[in-house]
file query-v5.tsv (TSV, C-alpha atoms)
chain	number	residue	atom	x	y	z
E	1	MET	CA	58.54	-109.70	217.22
E	2	ILE	CA	59.76	-106.22	218.06
E	3	GLU	CA	61.27	-106.25	221.52
E	4	ASP	CA	62.97	-102.83	221.59
E	5	LYS	CA	60.72	-100.28	219.97
E	6	GLU	CA	63.33	-97.46	220.00
E	7	ALA	CA	66.07	-99.66	218.50
E	8	TYR	CA	63.61	-100.85	215.85
E	9	ARG	CA	62.65	-97.28	214.91
E	10	ALA	CA	66.29	-96.19	214.78
E	11	LYS	CA	67.25	-99.09	212.50
E	12	SER	CA	64.14	-98.59	210.40
E	13	THR	CA	64.99	-94.91	209.94
E	14	GLU	CA	68.61	-95.75	209.11
E	15	LEU	CA	67.55	-98.26	206.44
E	16	PHE	CA	64.95	-95.89	205.00
E	17	ASN	CA	67.50	-93.07	204.74
E	18	LYS	CA	69.99	-95.41	203.06
E	19	LYS	CA	67.33	-96.45	200.56
E	20	GLU	CA	66.44	-92.81	199.84
E	21	ASP	CA	70.11	-91.83	199.42
E	22	LEU	CA	70.62	-94.65	196.94
E	23	PHE	CA	67.48	-93.69	195.04
E	24	GLU	CA	68.73	-90.11	194.79
E	25	SER	CA	72.11	-91.35	193.57
E	26	LEU	CA	70.46	-93.55	190.94
E	27	SER	CA	68.37	-90.60	189.80
E	28	SER	CA	71.53	-88.53	189.41
E	29	VAL	CA	73.19	-91.28	187.38
E	30	ASN	CA	70.11	-91.49	185.16
E	31	ALA	CA	70.16	-87.73	184.67
E	32	VAL	CA	73.84	-87.82	183.70
E	33	SER	CA	73.17	-90.69	181.29
E	34	GLU	CA	70.43	-88.65	179.62
E	35	LEU	CA	72.76	-85.65	179.33
E	36	MET	CA	75.43	-87.82	177.77
E	37	LYS	CA	72.92	-89.05	175.18
E	38	LYS	CA	71.68	-85.52	174.53
E	39	TYR	CA	75.19	-84.15	173.96
E	40	LYS	CA	76.34	-87.29	172.15
E	41	VAL	CA	79.39	-87.92	174.33
E	42	VAL	CA	80.96	-91.09	175.67
E	43	TYR	CA	83.01	-89.77	178.56
E	44	LEU	CA	81.96	-87.73	181.53
E	45	SER	CA	84.91	-85.40	180.94
E	46	GLU	CA	83.54	-84.66	177.43
E	47	LEU	CA	80.13	-83.88	178.88
E	48	LYS	CA	81.65	-81.58	181.46
E	49	ALA	CA	83.71	-79.76	178.81
E	50	LYS	CA	80.68	-79.30	176.53
E	51	LEU	CA	78.48	-78.06	179.34
E	52	GLU	CA	81.15	-75.64	180.55
E	53	GLN	CA	81.57	-74.32	177.01
E	54	GLU	CA	77.83	-73.85	176.57
E	55	TYR	CA	77.54	-72.25	180.01
E	56	ASP	CA	80.29	-69.77	179.21
E	57	ALA	CA	78.59	-68.89	175.91
E	58	ALA	CA	75.22	-68.46	177.64
E	59	GLU	CA	76.80	-66.33	180.36
E	60	ASP	CA	78.45	-64.08	177.75
E	61	GLU	CA	75.20	-63.75	175.84
E	62	TYR	CA	73.32	-62.85	179.02
E	63	GLU	CA	75.93	-60.28	180.07
E	64	LYS	CA	75.82	-58.62	176.64
E	65	TYR	CA	72.02	-58.62	176.60
E	66	THR	CA	71.66	-57.10	180.09
E	67	LYS	CA	74.64	-54.71	179.92
E	68	GLU	CA	72.57	-51.58	179.34
E	69	GLU	CA	70.20	-52.48	182.17
E	70	ASN	CA	73.02	-53.18	184.62
E	71	ASP	CA	75.08	-50.13	183.66
E	72	THR	CA	72.07	-47.84	183.84
E	73	PHE	CA	70.94	-49.25	187.17
E	74	ASP	CA	74.45	-48.63	188.51
E	75	GLU	CA	74.06	-44.98	187.43
E	76	ILE	CA	70.68	-44.80	189.16
E	77	CYS	CA	72.20	-46.19	192.36
E	78	LYS	CA	74.94	-43.55	192.27
E	79	LYS	CA	72.55	-40.69	191.53
E	80	PHE	CA	69.71	-41.60	193.90
E	81	GLY	CA	69.89	-42.82	197.48
E	82	SER	CA	68.95	-46.32	198.52
E	83	ASN	CA	65.89	-44.94	200.34
E	84	GLN	CA	64.54	-43.49	197.09
E	85	ILE	CA	65.21	-46.72	195.21
E	86	GLU	CA	63.50	-48.77	197.94
E	87	CYS	CA	60.55	-46.40	197.73
E	88	TRP	CA	60.23	-47.00	193.99
E	89	PHE	CA	60.39	-50.75	194.57
E	90	ALA	CA	57.72	-50.45	197.26
E	91	GLN	CA	55.54	-48.61	194.73
E	92	GLY	CA	55.74	-51.64	192.44
E	93	HIS	CA	58.52	-50.58	190.09
E	94	ASP	CA	61.18	-53.07	189.15
E	95	ILE	CA	64.68	-52.50	187.80
E	96	ILE	CA	63.47	-52.47	184.19
E	97	ASP	CA	60.88	-49.78	185.03
E	98	LEU	CA	63.53	-47.66	186.71
E	99	VAL	CA	66.02	-48.06	183.86
E	100	HIS	CA	63.37	-47.17	181.30
E	101	SER	CA	62.24	-44.13	183.26
E	102	TYR	CA	65.82	-42.99	183.85
E	103	LEU	CA	66.73	-43.27	180.17
E	104	HIS	CA	63.67	-41.19	179.31
E	105	GLY	CA	64.50	-38.55	181.92
E	106	GLU	CA	61.48	-39.35	184.03
E	107	LEU	CA	63.17	-40.14	187.35
E	108	LYS	CA	63.24	-37.23	189.75

call {"tool": "encode", "arguments": {"input": "query-v5.tsv", "output": "structure tokens"}}
result
Amino acid sequence: MIEDKEAYRAKSTELFNKKEDLFESLSSVNAVSELMKKYKVVYLSELKAKLEQEYDAAEDEYEKYTKEENDTFDEICKKFGSNQIECWFAQGHDIIDLVHSYLHGELK
């Protein structure tokens, strides 16, 4: 029989939160286990090293791929004021549209 409703709710909430935290931790462990299988590693340090290496490679690839866009948008920002750029965004243009237009001499 529940004699102190508030104490019961507090304990119930505490136990529920503990259960949820443990479930989340178990899910994380399962995710790490799957990654270890995917990358065929035995140690967590190996997994971390492989993921860091792949991340660095992906970051380099992304930076190379988007270099023209970023460099050109930097030029646009220097040449045109932020109000003009915000206006173009408000008109539905995105960065790619602006870069394309700028490279074709269409931005005025």

call {"tool": "atom_distance", "arguments": {"input": "query-v5.tsv", "atom1": "atom CA of Phe89 of chain E", "atom2": "atom CA of Thr66 of chain E"}}
result
19.4 Å

call {"tool": "atom_distance", "arguments": {"input": "query-v5.tsv", "atom1": "atom CA of Ser33 of chain E", "atom2": "atom CA of Lys18 of chain E"}}
result
22.5 Å

call {"tool": "atom_distance", "arguments": {"input": "query-v5.tsv", "atom1": "atom CA of Tyr55 of chain E", "atom2": "atom CA of Met36 of chain E"}}
result
15.9 Å

call {"tool": "axis_aligned_box", "arguments": {"input": "query-v5.tsv", "around": "segment 68-80 of chain E", "padding_each_side": "4 Å", "output": "lines of an AutoDock Vina configuration file"}}
result
center_x = 72.4
center_y = -46.9
center_z = 186.6
size_x = 13.4
size_y = 20.5
size_z = 22.6

call {"tool": "residues_near_point", "arguments": {"input": "query-v5.tsv", "point": "(68.2, -44.4, 188.4)", "cutoff": "10 Å", "atoms": "only C-alpha atoms", "output": "number ranges by chain"}}
result
E: 72-81, 84-85, 95, 97-103, 105-108
